[in-house]
>>> print(open('protein.txt').read())   # compact mmCIF, C-alpha atoms
# COMPACT_ATOMS: atom_id res chain seq x y z
CA MET A 1 13.53 11.29 5.11
CA THR A 2 10.57 13.21 6.41
CA GLY A 3 7.23 12.69 8.04
CA ARG A 4 5.37 13.30 11.26
CA ARG A 5 6.09 11.12 14.23
CA PRO A 6 3.80 8.07 14.15
CA THR A 7 2.31 6.71 17.31
CA ARG A 8 4.27 3.51 16.80
CA SER A 9 8.04 3.63 16.53
CA THR A 10 9.59 3.41 13.06
CA LEU A 11 13.38 3.38 12.70
CA PRO A 12 14.90 4.41 9.38
CA GLY A 13 16.61 2.72 8.35
CA GLY A 14 31.17 0.73 -15.92
CA PRO A 15 28.86 -2.21 -15.79
CA ARG A 16 29.14 -4.32 -12.69
CA GLY A 17 28.47 -7.95 -12.03
CA ARG A 18 26.47 -10.40 -14.06
CA SER A 19 23.42 -9.20 -15.92
CA ARG A 20 21.61 -12.50 -16.13
CA ALA A 21 19.57 -13.95 -13.29
CA ILE A 22 20.41 -17.46 -11.97
CA ARG A 23 18.72 -19.70 -9.47
CA THR A 24 19.97 -22.22 -6.98
CA GLY A 25 18.06 -25.33 -5.98
CA ALA A 26 17.97 -25.03 -2.20
CA LEU A 27 16.12 -22.76 0.17
CA SER A 28 18.37 -19.96 1.44
CA ALA A 29 18.73 -19.05 5.07
CA GLY A 30 16.62 -15.96 4.30
CA ALA A 31 13.62 -18.10 3.37
CA LEU A 32 13.97 -20.17 6.55
CA VAL A 33 14.17 -17.07 8.69
CA ALA A 34 11.15 -15.65 6.86
CA CYS A 35 9.14 -18.68 7.91
CA ALA A 36 10.22 -18.33 11.52
CA ALA A 37 9.59 -14.59 11.53
CA LEU A 38 6.02 -15.10 10.37
CA ALA A 39 5.57 -17.59 13.22
CA ALA A 40 3.48 -20.07 11.38
CA GLY A 41 5.61 -21.94 8.88
CA CYS A 42 5.72 -21.45 5.14
CA GLY A 43 2.50 -22.16 3.31
CA VAL A 44 0.17 -22.09 6.30
CA VAL A 45 0.08 -18.43 7.30
CA PRO A 46 -3.41 -17.09 6.64
CA GLY A 47 -3.73 -14.30 4.11
CA ALA A 48 -4.07 -13.71 0.40
CA THR A 49 -1.03 -14.55 -1.70
CA GLY A 50 -2.44 -13.49 -5.06
CA GLY A 51 -1.14 -14.99 -8.23
CA SER A 52 -1.40 -15.62 -11.90
CA GLY A 53 -1.19 -18.90 -13.69
CA GLY A 54 -1.26 -19.35 -17.43
CA ASP A 55 -2.05 -16.14 -19.27
CA GLY A 56 -3.81 -14.27 -16.43
CA PRO A 57 -2.73 -10.74 -15.51
CA ILE A 58 -0.01 -10.11 -12.94
CA THR A 59 -1.02 -7.54 -10.33
CA VAL A 60 1.48 -5.46 -8.34
CA MET A 61 1.23 -2.21 -6.38
CA THR A 62 3.40 0.92 -6.12
CA TRP A 63 2.73 3.52 -3.41
CA ALA A 64 4.19 6.91 -2.49
CA PRO A 65 3.05 10.16 -0.84
CA GLN A 66 1.51 12.81 -3.06
CA ASP A 67 0.00 16.26 -2.49
CA THR A 68 1.21 16.54 1.10
CA GLY A 69 2.93 19.32 3.04
CA ALA A 70 6.13 17.28 3.40
CA THR A 71 8.06 15.04 0.99
CA ASN A 72 6.16 13.91 -2.12
CA LYS A 73 7.17 11.30 -4.68
CA PRO A 74 4.53 11.39 -7.46
CA GLY A 75 7.07 10.22 -10.02
CA MET A 76 7.24 6.75 -8.51
CA PRO A 77 3.63 5.64 -9.14
CA ALA A 78 3.65 7.57 -12.43
CA LEU A 79 6.73 5.68 -13.63
CA ALA A 80 5.18 2.38 -12.48
CA GLN A 81 2.06 3.02 -14.58
CA ALA A 82 4.19 4.04 -17.55
CA TYR A 83 6.22 0.84 -17.12
CA ALA A 84 3.03 -1.22 -17.28
CA ARG A 85 1.97 0.52 -20.51
CA TRP A 86 5.44 0.01 -21.95
CA VAL A 87 5.64 -3.68 -21.05
CA ASN A 88 2.07 -4.45 -22.10
CA ALA A 89 2.65 -2.80 -25.48
CA GLN A 90 5.43 -5.36 -25.97
CA GLY A 91 3.29 -8.35 -25.01
CA GLY A 92 3.48 -8.17 -21.22
CA LEU A 93 5.72 -10.08 -18.82
CA GLY A 94 6.17 -13.58 -20.17
CA GLY A 95 3.03 -13.07 -22.25
CA ARG A 96 0.98 -11.96 -19.25
CA LYS A 97 -0.48 -8.47 -18.81
CA LEU A 98 1.03 -6.40 -16.01
CA ASN A 99 -1.59 -4.67 -13.86
CA VAL A 100 -0.10 -1.87 -11.71
CA LEU A 101 -2.15 -0.52 -8.81
CA THR A 102 -1.05 2.77 -7.24
CA CYS A 103 -1.76 4.21 -3.81
CA ASN A 104 -1.13 7.51 -2.01
CA ASP A 105 0.20 6.95 1.50
CA HIS A 106 -0.25 10.69 2.29
CA ASN A 107 2.82 10.60 4.59
CA ASP A 108 0.43 9.09 7.11
CA SER A 109 0.59 5.83 9.05
CA VAL A 110 -3.12 5.07 8.68
CA ALA A 111 -3.05 5.67 4.93
CA ALA A 112 0.09 3.52 4.59
CA ALA A 113 -1.71 0.61 6.27
CA LYS A 114 -4.70 1.12 3.97
CA CYS A 115 -2.43 0.88 0.94
CA ALA A 116 -1.03 -2.41 2.23
CA ARG A 117 -4.50 -3.80 2.94
CA ARG A 118 -5.58 -2.86 -0.58
CA ALA A 119 -2.56 -4.72 -1.97
CA VAL A 120 -3.76 -7.81 -0.08
CA LYS A 121 -7.39 -7.38 -1.17
CA GLU A 122 -6.41 -6.95 -4.83
CA LYS A 123 -4.14 -10.02 -4.62
CA ALA A 124 -0.96 -8.15 -5.54
CA VAL A 125 2.00 -10.50 -5.95
CA ALA A 126 4.45 -7.77 -4.83
CA VAL A 127 4.74 -4.15 -3.81
CA VAL A 128 7.35 -2.70 -6.17
CA GLY A 129 9.36 0.53 -6.14
CA SER A 130 7.57 2.34 -3.32
CA TYR A 131 8.17 5.10 -0.76
CA SER A 132 6.80 5.23 2.77
CA GLN A 133 8.33 5.94 6.14
CA TYR A 134 5.58 4.06 8.00
CA ALA A 135 7.03 0.58 7.97
CA ASP A 136 5.42 -0.27 11.32
CA SER A 137 2.05 0.25 9.65
CA PHE A 138 2.49 -1.51 6.32
CA PHE A 139 4.99 -4.32 6.92
CA PRO A 140 2.82 -6.34 9.35
CA VAL A 141 0.05 -6.35 6.74
CA LEU A 142 2.39 -7.45 3.94
CA GLU A 143 4.07 -10.06 6.13
CA GLY A 144 0.72 -11.51 7.15
CA ALA A 145 -0.08 -12.05 3.47
CA ARG A 146 3.50 -13.02 2.50
CA ILE A 147 3.68 -10.23 -0.10
CA PRO A 148 7.27 -9.20 -0.94
CA TYR A 149 8.35 -5.56 -0.84
CA ILE A 150 10.78 -5.04 -3.73
CA GLY A 151 12.83 -1.88 -4.10
CA GLY A 152 11.58 0.37 -1.34
CA TYR A 153 13.22 3.79 -1.04
CA GLY A 154 15.31 2.79 1.98
CA LEU A 155 13.70 5.12 4.53
CA THR A 156 13.23 2.77 7.47
CA ASN A 157 15.21 0.21 9.39
CA ALA A 158 12.50 -2.38 8.67
CA GLU A 159 13.34 -2.24 4.96
CA PHE A 160 16.74 -3.69 5.86
CA THR A 161 15.49 -6.22 8.42
CA SER A 162 12.19 -7.68 7.24
CA PRO A 163 12.47 -11.08 5.51
CA LEU A 164 9.84 -9.82 3.05
CA SER A 165 12.00 -6.83 1.98
CA TYR A 166 14.28 -6.84 -1.07
CA PRO A 167 15.95 -3.39 -1.22
CA VAL A 168 17.85 -2.36 -4.35
CA ASN A 169 19.94 0.39 -2.73
CA GLY A 170 21.52 1.16 0.62
CA GLY A 171 18.88 3.72 1.56
CA GLN A 172 19.64 6.59 3.90
CA PRO A 173 22.28 4.54 5.79
CA ALA A 174 24.60 4.26 2.79
CA LEU A 175 23.98 7.82 1.57
CA LEU A 176 24.82 9.40 4.92
CA ALA A 177 27.77 7.15 5.71
CA GLY A 178 29.24 7.94 2.29
CA LEU A 179 28.61 11.65 2.72
CA GLY A 180 30.27 11.65 6.14
CA SER A 181 33.36 10.00 4.71
CA THR A 182 33.51 12.62 1.98
CA LEU A 183 33.17 15.59 4.37
CA ALA A 184 35.72 14.34 6.92
CA GLY A 185 38.58 15.86 4.94
CA PRO A 186 37.50 19.28 3.63
CA CYS A 187 35.11 20.34 6.42
CA GLY A 188 35.58 21.96 9.77
CA PRO A 189 32.62 21.48 12.11
CA VAL A 190 29.66 19.73 10.49
CA THR A 191 26.04 20.55 11.34
CA LEU A 192 23.29 18.13 10.33
CA VAL A 193 19.87 19.73 9.90
CA ARG A 194 17.31 16.95 9.87
CA PRO A 195 13.59 16.33 10.50
CA ASP A 196 12.41 16.13 14.09
CA THR A 197 10.78 12.77 13.44
CA ILE A 198 11.26 9.16 14.45
CA ALA A 199 12.75 8.45 11.02
CA GLY A 200 15.09 11.43 11.38
CA ASP A 201 16.40 10.25 14.74
CA GLN A 202 18.66 7.67 13.08
CA LEU A 203 20.39 10.12 10.73
CA PRO A 204 23.08 11.55 13.06
CA ALA A 205 24.62 8.16 13.85
CA LEU A 206 24.79 7.31 10.15
CA LEU A 207 26.48 10.57 9.14
CA ASP A 208 28.82 10.30 12.13
CA SER A 209 29.93 6.80 11.10
CA GLY A 210 31.45 8.33 7.97
CA LEU A 211 32.89 11.37 9.73
CA VAL A 212 34.55 9.32 12.47
CA SER A 213 35.97 6.82 9.97
CA GLY A 214 37.75 9.78 8.36
CA GLY A 215 39.15 11.05 11.68
CA HIS A 216 36.59 13.85 12.06
CA GLU A 217 34.60 14.78 15.14
CA ARG A 218 30.90 13.95 15.25
CA SER A 219 28.33 16.27 13.72
CA HIS A 220 26.10 18.67 15.60
CA ASP A 221 22.53 17.37 15.48
CA GLN A 222 20.05 20.16 14.74
CA ARG A 223 16.38 19.23 14.57
CA ALA A 224 13.90 21.08 12.37
CA ALA A 225 10.19 20.86 11.58
CA GLU A 226 9.59 18.74 8.50
CA ASP A 227 6.89 20.99 7.04
CA ALA A 228 8.14 24.51 7.86
CA THR A 229 7.67 27.28 5.30
CA ALA A 230 10.98 28.95 6.24
CA TYR A 231 14.13 27.98 8.16
CA ASP A 232 15.62 31.36 9.06
CA ASP A 233 16.17 30.43 12.72
CA GLN A 234 17.74 27.07 11.88
CA SER A 235 20.06 28.69 9.32
CA ALA A 236 21.17 31.32 11.81
CA GLN A 237 21.79 28.68 14.49
CA ALA A 238 23.90 26.55 12.16
CA LEU A 239 26.03 29.50 11.08
CA ALA A 240 26.42 30.74 14.65
CA ARG A 241 27.82 27.37 15.62
CA GLU A 242 30.26 27.50 12.72
CA GLU A 243 31.55 30.84 14.07
CA ARG A 244 32.02 29.46 17.58
CA THR A 245 33.73 26.19 16.67
CA GLY A 246 35.27 26.71 13.25
CA GLY A 247 38.89 27.09 14.38
CA GLY A 248 39.97 28.49 11.04
CA THR A 249 38.60 25.70 8.85
CA PRO A 250 35.24 26.54 7.22
CA GLY A 251 32.52 24.18 8.28
CA CYS A 252 29.80 22.36 6.37
CA VAL A 253 26.04 22.45 6.86
CA VAL A 254 24.18 19.31 5.82
CA PRO A 255 20.40 19.71 5.37
CA VAL A 256 18.58 16.39 4.91
CA LEU A 257 14.95 17.47 4.90
CA GLY A 258 13.51 15.78 1.82
CA ASP A 259 11.41 18.17 -0.22
CA ARG A 260 11.93 20.87 2.42
CA THR A 261 15.67 20.96 1.76
CA GLY A 262 15.02 23.56 -0.94
CA THR A 263 13.08 25.67 1.56
CA PHE A 264 15.98 25.47 3.98
CA MET A 265 18.47 26.47 1.29
CA ASP A 266 16.40 29.54 0.39
CA SER A 267 16.68 30.67 3.99
CA PHE A 268 20.32 29.64 4.24
CA ARG A 269 21.31 31.58 1.11
CA ARG A 270 20.28 34.83 2.77
CA ALA A 271 21.84 33.99 6.12
CA ARG A 272 25.23 32.89 4.76
CA GLU A 273 26.11 36.13 2.94
CA ASP A 274 28.59 36.97 5.72
CA HIS A 275 29.91 33.39 5.81
CA PRO A 276 31.15 32.70 2.26
CA GLY A 277 33.47 29.89 3.34
CA VAL A 278 30.76 27.64 4.76
CA ARG A 279 29.92 24.79 2.38
CA THR A 280 26.80 22.69 2.05
CA ALA A 281 26.24 19.03 1.33
CA THR A 282 23.25 16.72 1.17
CA VAL A 283 21.94 13.47 -0.27
CA LEU A 284 20.10 12.65 -3.48
CA GLY A 285 16.40 12.72 -2.78
CA SER A 286 16.83 15.96 -0.85
CA VAL A 287 18.21 17.60 -4.00
CA ASP A 288 18.34 16.71 -7.70
CA GLN A 289 19.11 18.56 -10.93
CA THR A 290 15.60 19.99 -11.10
CA THR A 291 16.07 21.46 -7.61
CA VAL A 292 19.43 22.95 -8.58
CA ASN A 293 17.93 24.52 -11.71
CA ALA A 294 14.96 25.97 -9.84
CA SER A 295 17.22 27.54 -7.21
CA GLY A 296 19.30 29.50 -9.71
CA GLY A 297 21.77 26.98 -11.13
CA ALA A 298 25.37 28.17 -10.91
CA SER A 299 24.33 31.30 -8.99
CA GLY A 300 22.17 29.35 -6.54
CA PRO A 301 22.90 28.05 -3.03
CA TYR A 302 23.85 24.53 -4.15
CA GLU A 303 26.89 25.55 -6.19
CA GLY A 304 29.89 23.61 -4.85
CA ALA A 305 27.73 21.30 -2.72
CA TYR A 306 28.60 17.63 -2.37
CA VAL A 307 25.73 15.21 -3.00
CA THR A 308 25.79 11.44 -2.47
CA GLY A 309 23.51 9.21 -4.52
CA TRP A 310 22.87 5.51 -5.03
CA TYR A 311 23.20 5.32 -8.77
CA PRO A 312 25.20 6.71 -11.69
CA PRO A 313 24.37 10.29 -12.81
CA ALA A 314 21.28 10.69 -14.99
CA ASP A 315 23.41 11.21 -18.11
CA ASP A 316 25.02 7.76 -17.75
CA PRO A 317 24.29 5.45 -20.73
CA ALA A 318 23.06 2.77 -18.29
CA TRP A 319 19.81 4.75 -18.00
CA ALA A 320 19.03 4.42 -21.71
CA GLY A 321 16.25 1.87 -21.16
CA MET A 322 14.47 4.01 -18.59
CA LYS A 323 14.74 7.09 -20.80
CA GLU A 324 13.29 5.16 -23.73
CA LEU A 325 10.35 4.15 -21.55
CA ILE A 326 9.79 7.75 -20.43
CA LYS A 327 9.96 9.02 -24.01
CA GLU A 328 7.47 6.44 -25.25
CA GLN A 329 5.02 6.29 -22.35
CA ALA A 330 5.50 9.34 -20.08
CA PHE A 331 6.52 12.15 -22.40
CA GLY A 332 5.06 15.38 -21.08
CA ASP A 333 4.37 13.97 -17.61
CA ASN A 334 6.21 16.42 -15.35
CA ALA A 335 6.06 13.98 -12.45
CA VAL A 336 8.38 11.55 -14.24
CA ASP A 337 11.89 13.03 -14.09
CA ALA A 338 14.75 10.79 -15.18
CA ALA A 339 17.02 12.49 -12.62
CA ASP A 340 14.69 11.83 -9.68
CA ALA A 341 16.00 9.20 -7.26
CA GLY A 342 12.49 7.86 -6.66
CA VAL A 343 11.85 7.39 -10.39
CA GLN A 344 15.24 5.71 -10.76
CA THR A 345 14.58 3.38 -7.83
CA THR A 346 11.20 2.41 -9.29
CA TRP A 347 12.80 1.60 -12.65
CA ILE A 348 15.37 -0.66 -10.96
CA ALA A 349 12.72 -2.31 -8.79
CA TYR A 350 10.63 -3.19 -11.84
CA THR A 351 13.78 -4.44 -13.58
CA VAL A 352 14.22 -6.83 -10.65
CA PHE A 353 10.58 -7.88 -10.76
CA LYS A 354 10.79 -8.61 -14.50
CA GLU A 355 13.83 -10.84 -13.90
CA VAL A 356 11.89 -12.71 -11.21
CA VAL A 357 8.92 -13.32 -13.54
CA ASP A 358 11.26 -14.41 -16.32
CA SER A 359 12.89 -16.91 -13.97
CA LEU A 360 9.49 -18.51 -13.29
CA GLY A 361 8.97 -19.35 -16.96
CA ASP A 362 5.46 -20.66 -17.61
CA GLY A 363 4.85 -21.34 -13.92
CA GLU A 364 2.51 -19.56 -11.57
CA VAL A 365 3.34 -15.97 -10.65
CA SER A 366 2.16 -15.38 -7.09
CA ALA A 367 3.41 -13.69 -3.95
CA ASP A 368 4.73 -17.07 -2.81
CA THR A 369 6.56 -17.94 -6.04
CA VAL A 370 8.04 -14.44 -6.36
CA ARG A 371 9.29 -14.56 -2.80
CA ARG A 372 10.67 -18.08 -3.15
CA ALA A 373 12.54 -17.18 -6.33
CA LEU A 374 14.26 -14.34 -4.51
CA ASP A 375 14.95 -16.40 -1.39
CA ASP A 376 16.28 -19.33 -3.40
CA GLY A 377 19.29 -17.31 -4.52
CA LEU A 378 18.09 -15.47 -7.61
CA GLU A 379 20.80 -13.06 -8.70
CA VAL A 380 19.65 -10.04 -10.65
CA GLY A 381 21.64 -7.74 -12.90
CA THR A 382 20.49 -4.17 -13.48
CA GLY A 383 22.61 -3.24 -16.48
CA GLY A 384 25.33 -1.55 -14.44
CA LEU A 385 23.02 0.66 -12.37
CA THR A 386 23.79 -1.38 -9.25
CA PRO A 387 26.00 -4.33 -8.43
CA ALA A 388 24.43 -7.72 -9.10
CA LEU A 389 21.73 -8.11 -6.46
CA ARG A 390 21.15 -11.23 -4.40
CA TRP A 391 19.36 -11.23 -1.06
CA THR A 392 20.17 -13.28 2.01
CA PHE A 393 19.16 -12.76 5.64
CA ALA A 394 22.65 -12.68 7.11
CA ASP A 395 24.67 -10.36 4.94
CA LYS A 396 27.75 -8.36 5.92
CA LEU A 397 25.76 -5.67 7.73
CA ALA A 398 23.61 -7.96 9.89
CA SER A 399 25.76 -7.10 12.93
CA VAL A 400 24.63 -3.46 12.81
CA GLY A 401 20.98 -4.25 12.19
CA PHE A 402 20.85 -4.22 8.38
CA PRO A 403 20.75 -7.92 7.34
CA ARG A 404 18.93 -7.15 4.06
CA LEU A 405 21.23 -4.32 2.96
CA VAL A 406 23.00 -5.99 0.04
CA ASN A 407 23.99 -2.90 -1.98
CA ALA A 408 25.99 -0.41 0.09
CA GLU A 409 27.48 1.43 -2.90
CA VAL A 410 27.07 5.18 -3.30
CA THR A 411 28.19 7.67 -5.93
CA LEU A 412 29.65 11.09 -5.15
CA GLN A 413 28.51 14.10 -7.13
CA VAL A 414 29.18 17.81 -6.85
CA VAL A 415 27.34 20.82 -8.23
CA ARG A 416 29.66 22.55 -10.71
CA ASP A 417 28.48 25.43 -12.88
CA GLY A 418 24.93 24.58 -11.89
CA HIS A 419 25.12 20.91 -12.91
CA LEU A 420 25.32 17.74 -10.84
CA THR A 421 28.48 16.05 -12.06
CA SER A 422 30.51 13.08 -10.89
CA ALA A 423 33.08 14.07 -8.29
CA ARG A 424 34.70 10.65 -8.25
CA GLU A 425 34.85 7.91 -10.86
CA GLY A 426 32.82 4.82 -10.04
CA ALA A 427 31.02 3.97 -6.83
CA VAL A 428 32.19 3.77 -3.22
CA ASP A 429 31.30 0.78 -1.03
CA THR A 430 30.22 2.00 2.41
CA THR A 431 30.00 -1.47 3.98
CA ARG A 432 33.00 -1.03 6.29
CA THR A 433 31.90 2.43 7.32
CA LEU A 434 28.42 1.21 8.20
CA GLN A 435 29.84 -1.68 10.20
CA SER A 436 31.09 0.89 12.70
CA ALA A 437 27.79 2.82 12.88
CA ASN A 438 26.14 2.94 16.31
CA VAL A 439 22.56 2.40 15.14
CA VAL A 440 21.48 -0.87 16.75
>>> encode(input="protein.txt", output="structure tokens")
Amino acid sequence: MTGRRPTRSTLPGGPRGRSRAIRTGALSAGALVACAALAAGCGVVPGATGGSGGDGPITVMTWAPQDTGATNKPGMPALAQAYARWVNAQGGLGGRKLNVLTCNDHNDSVAAAKCARRAVKEKAVAVVGSYSQYADSFFPVLEGARIPYIGGYGLTNAEFTSPLSYPVNGGQPALLAGLGSTLAGPCGPVTLVRPDTIAGDQLPALLDSGLVSGGHERSHDQRAAEDATAYDDQSAQALAREERTGGGTPGCVVPVLGDRTGTFMDSFRRAREDHPGVRTATVLGSVDQTTVNASGGASGPYEGAYVTGWYPPADDPAWAGMKELIKEQAFGDNAVDAADAGVQTTWIAYTVFKEVVDSLGDGEVSADTVRRALDDGLEVGTGGLTPALRWTFADKLASVGFPRLVNAEVTLQVVRDGHLTSAREGAVDTTRTLQSANVV
């Protein structure tokens, strides 16, 4: 949840269910709204739709920031390329070769738009499993070409509003709402340390929706630079507030700074020596098992921290297929970590895309046919990693500005003895909590 402020406003935005995709015969309301939103009627909007008939290759794109001073997600395009090698070694998708293009959005609005324009030029039928906070830059390009965006990371509000978006998780909204609900009981005052960016501006309301639902006061919103090399001042400020307002109950500090969360925790570890009761909590994507290991494991600053995630822990058997892929096609690639939320999201997004192609049989695979299959009521199972997914344009969270948010489940983990472990069996549905969020 990081990135510099763009010049144009971007708002952030046990097996379950059936595992076999089904289709209905009528256009859903989502497809009709998509036509209206594109202001030209289906089938007549200018722009490349791409496609593959017969045995021609199927082209898709995956993008993410790499080699930047803020959050980087190199594992997402790396997993996408490994997926293509894996699928093609087994005969492709429906007998057709999968061609995966990758693009570096550089955490930059101009670069994000360039990635989208390249997807159009190369006739990609979908953008799959990608990460970018610059929705205002890339969505207009994709919408003009009717290219669906499947399985974005959930960083921006547009990912939960665009008729061309098909998210596989609840993004930052679900993670923060679930975390707030968890912290309402054990925490005194809660301080949220978040990026001073347009995307970061939505985070306080989301965390507060969970806190308030649990009878807790709202969090203190503390902004921080997204690319700082140290956070000594921010750590001291957060702890000073805990001293002033604690009232006997130790508080909780919640850093949500993407890749810079580790930098904050290094500073916080030194500052909290005189405040042993203060706890920390964050969301997956800001911390994972690799981060915990690198920070000292059980003796590091994350010990005892609560962490909300979208999916089961990395040791869950439901990840067996992804781990087999990594072993066969990405062994030794340090960018591809099975515990990374971006890698996991990309795996699920490509699982969805495969189900879509399978549902088309021997028919044409194009941006139009992929989108229509999803809008016509295709229901996709992900082997227990998420609930069964089916997208409409007027789901339960439309009233708070998230009509495409169809999976509001989160898992709760805690760092014990240096390991991220489940703190609660199963997933928690944050739908009701989000319905009270003041984010519209």
>>> residues_near_point(input="protein.txt", point="(6.3, -9.6, -21.9)", cutoff="12 Å", atoms="only C-alpha atoms", output="mmCIF file with C-alpha atoms, in the frame of the given file")
data_model
loop_
_atom_site.group_PDB
_atom_site.id
_atom_site.type_symbol
_atom_site.label_atom_id
_atom_site.label_comp_id
_atom_site.auth_asym_id
_atom_site.auth_seq_id
_atom_site.Cartn_x
_atom_site.Cartn_y
_atom_site.Cartn_z
ATOM 1 C CA ASP A 55 -2.050 -16.140 -19.270
ATOM 2 C CA PRO A 57 -2.730 -10.740 -15.510
ATOM 3 C CA ILE A 58 -0.010 -10.110 -12.940
ATOM 4 C CA TYR A 83 6.220 0.840 -17.120
ATOM 5 C CA ALA A 84 3.030 -1.220 -17.280
ATOM 6 C CA ARG A 85 1.970 0.520 -20.510
ATOM 7 C CA TRP A 86 5.440 0.010 -21.950
ATOM 8 C CA VAL A 87 5.640 -3.680 -21.050
ATOM 9 C CA ASN A 88 2.070 -4.450 -22.100
ATOM 10 C CA ALA A 89 2.650 -2.800 -25.480
ATOM 11 C CA GLN A 90 5.430 -5.360 -25.970
ATOM 12 C CA GLY A 91 3.290 -8.350 -25.010
ATOM 13 C CA GLY A 92 3.480 -8.170 -21.220
ATOM 14 C CA LEU A 93 5.720 -10.080 -18.820
ATOM 15 C CA GLY A 94 6.170 -13.580 -20.170
ATOM 16 C CA GLY A 95 3.030 -13.070 -22.250
ATOM 17 C CA ARG A 96 0.980 -11.960 -19.250
ATOM 18 C CA LYS A 97 -0.480 -8.470 -18.810
ATOM 19 C CA LEU A 98 1.030 -6.400 -16.010
ATOM 20 C CA LYS A 354 10.790 -8.610 -14.500
ATOM 21 C CA GLU A 355 13.830 -10.840 -13.900
ATOM 22 C CA VAL A 357 8.920 -13.320 -13.540
ATOM 23 C CA ASP A 358 11.260 -14.410 -16.320
ATOM 24 C CA GLY A 361 8.970 -19.350 -16.960
ATOM 25 C CA ASP A 362 5.460 -20.660 -17.610
#
>>> residues_around(input="protein.txt", residues="Pro65 in chain A", least_positions_apart="3", cutoff="7 Å", atoms="only C-alpha atoms", output="PyMOL selection string")
chain A and resi 68+72-74+104-107
>>> closest_residue(input="protein.txt", among="A:Tyr231, A:Tyr131, A:Trp63, A:Tyr350", to="Met265 in chain A", atoms="all atoms listed in the file")
A:Tyr231
>>> closest_residue(input="protein.txt", among="A:Ala199, A:Val254, A:Val292, A:Ala335", to="Gln222 in chain A", atoms="all atoms listed in the file")
A:Val254
>>> residues_near_point(input="protein.txt", point="(6.3, 6.6, -20.3)", cutoff="7 Å", atoms="only C-alpha atoms", output="list of chain:residue names")
A:Leu79, A:Ala82, A:Tyr83, A:Trp86, A:Leu325, A:Ile326, A:Lys327, A:Glu328, A:Gln329, A:Ala330, A:Phe331
>>> closest_residue(input="protein.txt", among="A:Ser366, A:Thr290, A:Ser295, A:Asn99", to="Phe264 in chain A", atoms="only C-alpha atoms")
A:Ser295
>>> closest_residue(input="protein.txt", among="A:Thr102, A:Ala116, A:Val127, A:Gly418", to="Asn293 in chain A", atoms="all atoms listed in the file")
A:Gly418
>>> residues_around(input="protein.txt", residues="Gly188 in chain A", least_positions_apart="5", cutoff="7 Å", atoms="all atoms listed in the file", output="ChimeraX atom specification")
/A:246,249-252
>>> residues_around(input="protein.txt", residues="Thr229 in chain A", least_positions_apart="3", cutoff="10 Å", atoms="all atoms listed in the file", output="ChimeraX atom specification")
/A:69,225-226,232,260,263-264,267
>>> closest_residue(input="protein.txt", among="A:Gly258, A:Gly200, A:Gly285, A:Pro276", to="Gly304 in chain A", atoms="only C-alpha atoms")
A:Pro276
>>> closest_residue(input="protein.txt", among="A:Ser209, A:Ser436, A:Thr191, A:Thr346", to="Thr280 in chain A", atoms="only C-alpha atoms")
A:Thr191
>>> residues_around(input="protein.txt", residues="Ser422 in chain A", least_positions_apart="3", cutoff="8 Å", atoms="all atoms listed in the file", output="list in words")
Pro313, Thr411, Leu412, Gln413, Val414 and Glu425 of chain A
>>> write_last_selection(input="protein.txt", atoms="C-alpha atoms", output="mmCIF file, in the coordinates of the input")
data_model
loop_
_atom_site.group_PDB
_atom_site.id
_atom_site.type_symbol
_atom_site.label_atom_id
_atom_site.label_comp_id
_atom_site.auth_asym_id
_atom_site.auth_seq_id
_atom_site.Cartn_x
_atom_site.Cartn_y
_atom_site.Cartn_z
ATOM 1 C CA PRO A 313 24.370 10.290 -12.810
ATOM 2 C CA THR A 411 28.190 7.670 -5.930
ATOM 3 C CA LEU A 412 29.650 11.090 -5.150
ATOM 4 C CA GLN A 413 28.510 14.100 -7.130
ATOM 5 C CA VAL A 414 29.180 17.810 -6.850
ATOM 6 C CA GLU A 425 34.850 7.910 -10.860
#
>>> residues_around(input="protein.txt", residues="Arg223 in chain A", least_positions_apart="4", cutoff="6 Å", atoms="all atoms listed in the file", output="list in words")
Val193, Arg194, Pro195 and Asp196 of chain A
>>> atom_distance(input="protein.txt", atom1="CA of Arg269 in chain A", atom2="CA of Glu303 in chain A")
11.0 Å
>>> build_atoms(input="protein.txt", residues="range 121-125 of chain A", atoms="N, CA, C and O atoms", output="compact mmCIF listing (two decimals), in the frame of the given file")
# COMPACT_ATOMS: atom_id res chain seq x y z
N LYS A 121 -6.04 -7.18 -0.63
CA LYS A 121 -7.39 -7.38 -1.17
C LYS A 121 -7.36 -7.60 -2.68
O LYS A 121 -8.10 -8.44 -3.22
N GLU A 122 -6.48 -6.85 -3.37
CA GLU A 122 -6.41 -6.95 -4.83
C GLU A 122 -5.49 -8.08 -5.29
O GLU A 122 -5.25 -8.23 -6.47
N LYS A 123 -4.99 -8.86 -4.33
CA LYS A 123 -4.14 -10.02 -4.62
C LYS A 123 -2.87 -9.62 -5.39
O LYS A 123 -2.46 -10.29 -6.35
N ALA A 124 -2.23 -8.55 -4.95
CA ALA A 124 -0.96 -8.15 -5.54
C ALA A 124 0.10 -9.20 -5.21
O ALA A 124 0.16 -9.71 -4.09
N VAL A 125 0.94 -9.52 -6.17
CA VAL A 125 2.00 -10.50 -5.95
C VAL A 125 3.25 -9.84 -5.37
O VAL A 125 4.15 -10.54 -4.90
